[in-house]
Amino acid sequence: MKQNFQTLRLASVSRHFTNAEGLPVAALKGLDLDVRRGEFIALLGPSGCGKSTALNCIAGLNALSEGAIWLDDARIDVLPPEKRGFGMVFQNYALFPHLSVLDNVGFGLKMRGLARRVVEQRARAALELVQLVGHERKLPGQLSGGQQQRVAIARAIVIEPPLVLMDEPLSNLDTKLRIEMRAEIRRIHGELDRSTIYVTHDQDEALSMADRIVVMREGTVQQIGTPRQVYERPANLHVARFIGYRNVVPFSLGTVVDGRATLKAGDIELRGTALGAVGPGMVSVAMRPDDFERSTEGGNCFRAEIETVEYGGRESLLKARAAFGSLYVRIAGDAAVGETLSLRISPDRALVYQQEAH
Ligand SMILES: Nc1ncnc2c1ncn2[C@@H]1O[C@H](COP(=O)(O)OP(=O)(O)OP(=O)(O)O)[C@@H](O)[C@H]1O
Ligand SMILES: [Mg+2]
């Protein structure tokens, strides 16, 4: 397969499985996506939404039930995995325990029949890129989780693939290492000028790493956009919830003019932003805990009584009861249970959606 490309195109890629009862399960339903050269794409969604299925379809580990995959003008979904030549990093590393770090990384090159000297040279260069110089002769079992993860990345990139596929590569690591490795993976991606497709169920990971995020749910794409678009303008309530809009509150819709909505619940009136067609009648308003401020100025204020406080040092997460229901609110500093706050949310940050059917 060619070593570089302009566009990887997924056209209506679908995959069905058969479950234990012999019934078909649609794991992936008509995925359309163009990945450009150099792009870092995150596939984001809850467990079971089809992320690994999508990645395995691209890698060639799953056959497609429908659709096609193109690398520029070459159709590749008909090729076996080794002919596609993509680098793959699995969640469980899948290193060979009896081979040294250097031999693990060189394995793919050796299989391709390259001379021993070339294999070693390239494996050493890959280990340098993932900053594991000095560990060449160790066995995987003698390395930390993060170091093993780096070996897995080196092994995926040593074959100089046009595309690197990563399936939740950081989920076995502790929080500190995970955050360090995010930056490392971004750096390696940048140095290689290749494309990366990265599967995760962690919205922070997707937001901080990706150029574009593909949000999935039950085998279908909900939104494709930059981290900012997905974060600020979630396409629907599912995306909003998944990306951190923890408060979804019913309001009665008043008027909508140029996307500006008036909302009412009891004697509380708020203004919000409708991103699509909403109403009439009851709507759902999505608000992030971080988007409230303690204020009595500037309109869009309401009162809420603190029910619980989760102290977090610089900031606290509160559960507070307002006339329209309970809310999660993050504020700077500490607060006391029973205290009544005046809270404000900017009309831009109260997003109005059509209410879900129950
Ligand atoms: N080999 C298989 N046979 C039958 N069903 C499968 C198979 N692989 C996946 N599925 C089903 O397809 C759906 C999507 O699975 P997939 O592994 O792609 O999810 P995922 O988004 O990667 O989840 P996770 O975050 O838990 O890894 C699930 O409902 C799963 O049960
Ligand atoms: Mg998975």
# chains A, B, ... in the order shown; residues from 1 in each chain; ligands from 1

call {"tool": "residues_near_ligand", "arguments": {"ligand": "ligand 2", "cutoff": "9 Å", "atoms": "only C-alpha atoms and all ligand atoms", "output": "number ranges by chain"}}
result
A: 47-53, 55, 91, 167-168, 199-201

call {"tool": "write_last_selection", "arguments": {"atoms": "N, CA, C and O atoms", "output": "PDB file, in the first residue's frame"}}
result
ATOM      1  N   SER A  47     -19.443   2.865  26.057  1.00  0.00           N
ATOM      2  CA  SER A  47     -19.130   1.460  25.823  1.00  0.00           C
ATOM      3  C   SER A  47     -20.205   0.818  24.942  1.00  0.00           C
ATOM      4  O   SER A  47     -21.388   1.034  25.149  1.00  0.00           O
ATOM      5  N   GLY A  48     -19.751   0.071  23.932  1.00  0.00           N
ATOM      6  CA  GLY A  48     -20.693  -0.660  23.081  1.00  0.00           C
ATOM      7  C   GLY A  48     -21.251   0.139  21.921  1.00  0.00           C
ATOM      8  O   GLY A  48     -22.103  -0.350  21.182  1.00  0.00           O
ATOM      9  N   CYS A  49     -20.764   1.384  21.714  1.00  0.00           N
ATOM     10  CA  CYS A  49     -21.355   2.211  20.651  1.00  0.00           C
ATOM     11  C   CYS A  49     -20.773   1.911  19.269  1.00  0.00           C
ATOM     12  O   CYS A  49     -21.235   2.452  18.272  1.00  0.00           O
ATOM     13  N   GLY A  50     -19.741   1.055  19.210  1.00  0.00           N
ATOM     14  CA  GLY A  50     -19.213   0.660  17.903  1.00  0.00           C
ATOM     15  C   GLY A  50     -17.853   1.233  17.555  1.00  0.00           C
ATOM     16  O   GLY A  50     -17.416   1.135  16.403  1.00  0.00           O
ATOM     17  N   LYS A  51     -17.151   1.798  18.512  1.00  0.00           N
ATOM     18  CA  LYS A  51     -15.849   2.423  18.246  1.00  0.00           C
ATOM     19  C   LYS A  51     -14.822   1.402  17.759  1.00  0.00           C
ATOM     20  O   LYS A  51     -14.160   1.604  16.739  1.00  0.00           O
ATOM     21  N   SER A  52     -14.675   0.300  18.531  1.00  0.00           N
ATOM     22  CA  SER A  52     -13.689  -0.710  18.146  1.00  0.00           C
ATOM     23  C   SER A  52     -14.080  -1.362  16.823  1.00  0.00           C
ATOM     24  O   SER A  52     -13.215  -1.661  15.993  1.00  0.00           O
ATOM     25  N   THR A  53     -15.382  -1.550  16.633  1.00  0.00           N
ATOM     26  CA  THR A  53     -15.848  -2.133  15.370  1.00  0.00           C
ATOM     27  C   THR A  53     -15.413  -1.247  14.200  1.00  0.00           C
ATOM     28  O   THR A  53     -14.909  -1.744  13.191  1.00  0.00           O
ATOM     29  N   LEU A  55     -12.918   0.873  14.098  1.00  0.00           N
ATOM     30  CA  LEU A  55     -11.458   0.825  13.946  1.00  0.00           C
ATOM     31  C   LEU A  55     -11.035  -0.496  13.288  1.00  0.00           C
ATOM     32  O   LEU A  55     -10.174  -0.502  12.395  1.00  0.00           O
ATOM     33  N   GLN A  91      -5.595  -1.846  23.099  1.00  0.00           N
ATOM     34  CA  GLN A  91      -5.789  -1.449  24.491  1.00  0.00           C
ATOM     35  C   GLN A  91      -4.882  -2.224  25.448  1.00  0.00           C
ATOM     36  O   GLN A  91      -4.359  -1.695  26.406  1.00  0.00           O
ATOM     37  N   ASP A 167      -6.679   1.927  19.779  1.00  0.00           N
ATOM     38  CA  ASP A 167      -7.922   1.584  20.465  1.00  0.00           C
ATOM     39  C   ASP A 167      -7.755   1.733  21.978  1.00  0.00           C
ATOM     40  O   ASP A 167      -7.175   0.875  22.626  1.00  0.00           O
ATOM     41  N   GLU A 168      -8.255   2.815  22.525  1.00  0.00           N
ATOM     42  CA  GLU A 168      -8.176   3.118  23.967  1.00  0.00           C
ATOM     43  C   GLU A 168      -6.797   2.780  24.532  1.00  0.00           C
ATOM     44  O   GLU A 168      -6.684   2.019  25.499  1.00  0.00           O
ATOM     45  N   VAL A 199      -9.397   5.815  19.342  1.00  0.00           N
ATOM     46  CA  VAL A 199     -10.678   5.468  19.980  1.00  0.00           C
ATOM     47  C   VAL A 199     -10.614   5.759  21.478  1.00  0.00           C
ATOM     48  O   VAL A 199      -9.646   5.384  22.137  1.00  0.00           O
ATOM     49  N   THR A 200     -11.626   6.410  22.003  1.00  0.00           N
ATOM     50  CA  THR A 200     -11.671   6.664  23.443  1.00  0.00           C
ATOM     51  C   THR A 200     -13.116   6.848  23.911  1.00  0.00           C
ATOM     52  O   THR A 200     -13.985   7.197  23.115  1.00  0.00           O
ATOM     53  N   HIS A 201     -13.364   6.572  25.198  1.00  0.00           N
ATOM     54  CA  HIS A 201     -14.676   6.916  25.743  1.00  0.00           C
ATOM     55  C   HIS A 201     -14.521   8.091  26.718  1.00  0.00           C
ATOM     56  O   HIS A 201     -15.459   8.441  27.423  1.00  0.00           O
TER      57      HIS A 201
END

call {"tool": "residues_around", "arguments": {"residues": "range 21-31 of chain A", "least_positions_apart": "3", "cutoff": "9 Å", "atoms": "only C-alpha atoms", "output": "list in words"}}
result
Leu10, Ala11, Ser12, Val13, Ser14, Arg15, His16, Phe17, Thr18, Gly48, Cys49, Gly50, Lys51, Thr53, Ala54, Glu66, Gly67, Glu218, Gly219, Thr220 and Val221 of chain A

call {"tool": "residues_around", "arguments": {"residues": "Asp73 in chain A", "least_positions_apart": "6", "cutoff": "12 Å", "atoms": "only C-alpha atoms", "output": "count of residues only"}}
result
6

call {"tool": "closest_residue", "arguments": {"among": "A:Gln229, A:Asn172, A:Gln142, A:Thr196", "to": "Leu43 in chain A", "atoms": "only C-alpha atoms"}}
result
A:Thr196

call {"tool": "closest_residue", "arguments": {"among": "A:Ser208, A:Gln131, A:Ser171, A:Asn104", "to": "Asn92 in chain A", "atoms": "only C-alpha atoms"}}
result
A:Ser171

call {"tool": "residues_around", "arguments": {"residues": "Glu297 in chain A", "least_positions_apart": "5", "cutoff": "10 Å", "atoms": "only C-alpha atoms", "output": "count of residues only"}}
result
3

call {"tool": "atom_distance", "arguments": {"atom1": "CA of Thr226 in chain A", "atom2": "atom 27 (O, counted along the ligand's line) of ligand 1"}}
result
22.6 Å

call {"tool": "atom_distance", "arguments": {"atom1": "CA of Arg122 in chain A", "atom2": "CA of Val151 in chain A"}}
result
13.4 Å

call {"tool": "residues_around", "arguments": {"residues": "Ala240 in chain A", "least_positions_apart": "2", "cutoff": "12 Å", "atoms": "only C-alpha atoms", "output": "PyMOL selection string"}}
result
chain A and resi 45+203+215+222-223+229-238+242-248+275+284-288+349-353

call {"tool": "write_last_selection", "arguments": {"atoms": "C-alpha atoms", "output": "PDB file, in the first residue's frame"}}
result
ATOM      1  CA  GLY A  45     -18.713   7.384  22.649  1.00  0.00           C
ATOM      2  CA  GLN A 203     -14.278  13.163  26.519  1.00  0.00           C
ATOM      3  CA  VAL A 215     -19.202  11.274  18.512  1.00  0.00           C
ATOM      4  CA  GLN A 222     -24.126  11.858  16.251  1.00  0.00           C
ATOM      5  CA  GLN A 223     -21.725  14.656  15.359  1.00  0.00           C
ATOM      6  CA  GLN A 229     -17.711  22.736  17.978  1.00  0.00           C
ATOM      7  CA  VAL A 230     -18.566  19.567  19.877  1.00  0.00           C
ATOM      8  CA  TYR A 231     -18.001  21.211  23.253  1.00  0.00           C
ATOM      9  CA  GLU A 232     -19.778  24.500  22.597  1.00  0.00           C
ATOM     10  CA  ARG A 233     -22.403  23.375  20.125  1.00  0.00           C
ATOM     11  CA  PRO A 234     -23.362  19.738  20.777  1.00  0.00           C
ATOM     12  CA  ALA A 235     -25.567  18.510  17.930  1.00  0.00           C
ATOM     13  CA  ASN A 236     -28.147  16.921  20.232  1.00  0.00           C
ATOM     14  CA  LEU A 237     -28.870  16.054  23.851  1.00  0.00           C
ATOM     15  CA  HIS A 238     -26.923  12.779  23.685  1.00  0.00           C
ATOM     16  CA  PHE A 242     -21.688  12.885  26.908  1.00  0.00           C
ATOM     17  CA  ILE A 243     -19.479  15.951  26.605  1.00  0.00           C
ATOM     18  CA  GLY A 244     -20.298  17.168  30.116  1.00  0.00           C
ATOM     19  CA  TYR A 245     -23.641  19.008  30.103  1.00  0.00           C
ATOM     20  CA  ARG A 246     -24.699  17.267  33.306  1.00  0.00           C
ATOM     21  CA  ASN A 247     -27.810  19.363  33.835  1.00  0.00           C
ATOM     22  CA  VAL A 248     -30.723  18.677  31.516  1.00  0.00           C
ATOM     23  CA  LEU A 275     -29.176  25.575  17.998  1.00  0.00           C
ATOM     24  CA  SER A 284     -34.858  20.428  27.502  1.00  0.00           C
ATOM     25  CA  VAL A 285     -32.217  22.912  28.547  1.00  0.00           C
ATOM     26  CA  ALA A 286     -28.640  21.600  28.856  1.00  0.00           C
ATOM     27  CA  MET A 287     -26.192  23.436  31.127  1.00  0.00           C
ATOM     28  CA  ARG A 288     -22.674  22.558  32.207  1.00  0.00           C
ATOM     29  CA  ARG A 349     -24.444  28.592  27.663  1.00  0.00           C
ATOM     30  CA  ALA A 350     -28.003  27.433  28.285  1.00  0.00           C
ATOM     31  CA  LEU A 351     -28.624  25.246  25.232  1.00  0.00           C
ATOM     32  CA  VAL A 352     -32.183  24.490  24.274  1.00  0.00           C
ATOM     33  CA  TYR A 353     -33.061  21.152  22.673  1.00  0.00           C
TER      34      TYR A 353
END

call {"tool": "residues_around", "arguments": {"residues": "Ala261 in chain A", "least_positions_apart": "3", "cutoff": "6 Å", "atoms": "only C-alpha atoms", "output": "PyMOL selection string"}}
result
chain A and resi 255-256+271-273

call {"tool": "atom_distance", "arguments": {"atom1": "CA of Asn300 in chain A", "atom2": "CA of Ser346 in chain A"}}
result
6.9 Å

call {"tool": "residues_around", "arguments": {"residues": "range 107-115 of chain A", "least_positions_apart": "2", "cutoff": "12 Å", "atoms": "only C-alpha atoms", "output": "mmCIF file with C-alpha atoms, in the first residue's frame"}}
result
data_model
loop_
_atom_site.group_PDB
_atom_site.id
_atom_site.type_symbol
_atom_site.label_atom_id
_atom_site.label_comp_id
_atom_site.auth_asym_id
_atom_site.auth_seq_id
_atom_site.Cartn_x
_atom_site.Cartn_y
_atom_site.Cartn_z
ATOM 1 C CA GLU A 82 -1.274 -6.752 6.154
ATOM 2 C CA LYS A 83 -1.882 -5.332 2.668
ATOM 3 C CA GLY A 85 -0.232 -1.671 6.220
ATOM 4 C CA PHE A 86 -1.755 0.465 8.977
ATOM 5 C CA GLY A 87 -0.161 0.635 12.410
ATOM 6 C CA MET A 88 -2.338 -0.610 15.238
ATOM 7 C CA LEU A 95 3.429 -7.240 23.201
ATOM 8 C CA PHE A 96 5.350 -10.515 22.852
ATOM 9 C CA LEU A 99 10.908 -10.895 23.056
ATOM 10 C CA SER A 100 13.078 -7.954 24.075
ATOM 11 C CA VAL A 101 11.800 -4.416 23.596
ATOM 12 C CA LEU A 102 13.992 -4.037 20.521
ATOM 13 C CA ASP A 103 12.766 -7.321 19.003
ATOM 14 C CA ASN A 104 9.133 -6.464 19.761
ATOM 15 C CA VAL A 105 9.503 -3.219 17.855
ATOM 16 C CA ARG A 117 20.878 -4.288 10.276
ATOM 17 C CA VAL A 118 18.029 -2.206 8.794
ATOM 18 C CA VAL A 119 15.495 -3.728 11.193
ATOM 19 C CA GLU A 120 17.656 -2.816 14.177
ATOM 20 C CA GLN A 121 18.382 0.667 12.903
ATOM 21 C CA ARG A 122 14.712 1.473 12.361
ATOM 22 C CA ALA A 123 13.597 -0.143 15.630
ATOM 23 C CA ALA A 126 11.342 4.315 16.726
ATOM 24 C CA VAL A 151 6.745 0.020 23.046
ATOM 25 C CA ALA A 152 3.331 -0.732 21.532
ATOM 26 C CA ALA A 154 6.898 2.245 18.609
ATOM 27 C CA ARG A 155 5.904 -1.103 17.138
ATOM 28 C CA ALA A 156 2.939 0.483 15.370
ATOM 29 C CA ILE A 157 4.908 3.384 13.884
ATOM 30 C CA VAL A 158 8.134 1.571 12.966
ATOM 31 C CA ILE A 159 6.598 0.218 9.770
ATOM 32 C CA GLU A 160 6.014 3.869 8.803
ATOM 33 C CA PRO A 161 2.300 3.406 8.260
#

call {"tool": "select_by_dssp", "arguments": {"residues": "range 105-276 of chain A", "states": "strand (DSSP E)", "output": "ChimeraX atom specification"}}
result
/A:163-167,195-200,212-217,220-225,247-257,260-265,268-274

call {"tool": "closest_residue", "arguments": {"among": "A:Pro280, A:Gly254, A:Gly266, A:Pro227", "to": "Phe40 in chain A", "atoms": "only C-alpha atoms"}}
result
A:Pro227

call {"tool": "closest_residue", "arguments": {"among": "A:Ala304, A:Thr340, A:Leu71, A:Glu356", "to": "Gly279 in chain A", "atoms": "only C-alpha atoms"}}
result
A:Glu356

call {"tool": "select_by_dssp", "arguments": {"residues": "range 106-184 of chain A", "states": "helix (DSSP H, G or I)", "output": "number ranges by chain"}}
result
A: 106-111, 116-129, 140-142, 145-157, 175-184

call {"tool": "closest_residue", "arguments": {"among": "A:Asn4, A:Gln354, A:Ser316, A:Thr308", "to": "Val164 in chain A", "atoms": "only C-alpha atoms"}}
result
A:Asn4

call {"tool": "closest_residue", "arguments": {"among": "A:Leu327, A:Glu307, A:Val133, A:Ile345", "to": "Asp291 in chain A", "atoms": "only C-alpha atoms"}}
result
A:Ile345
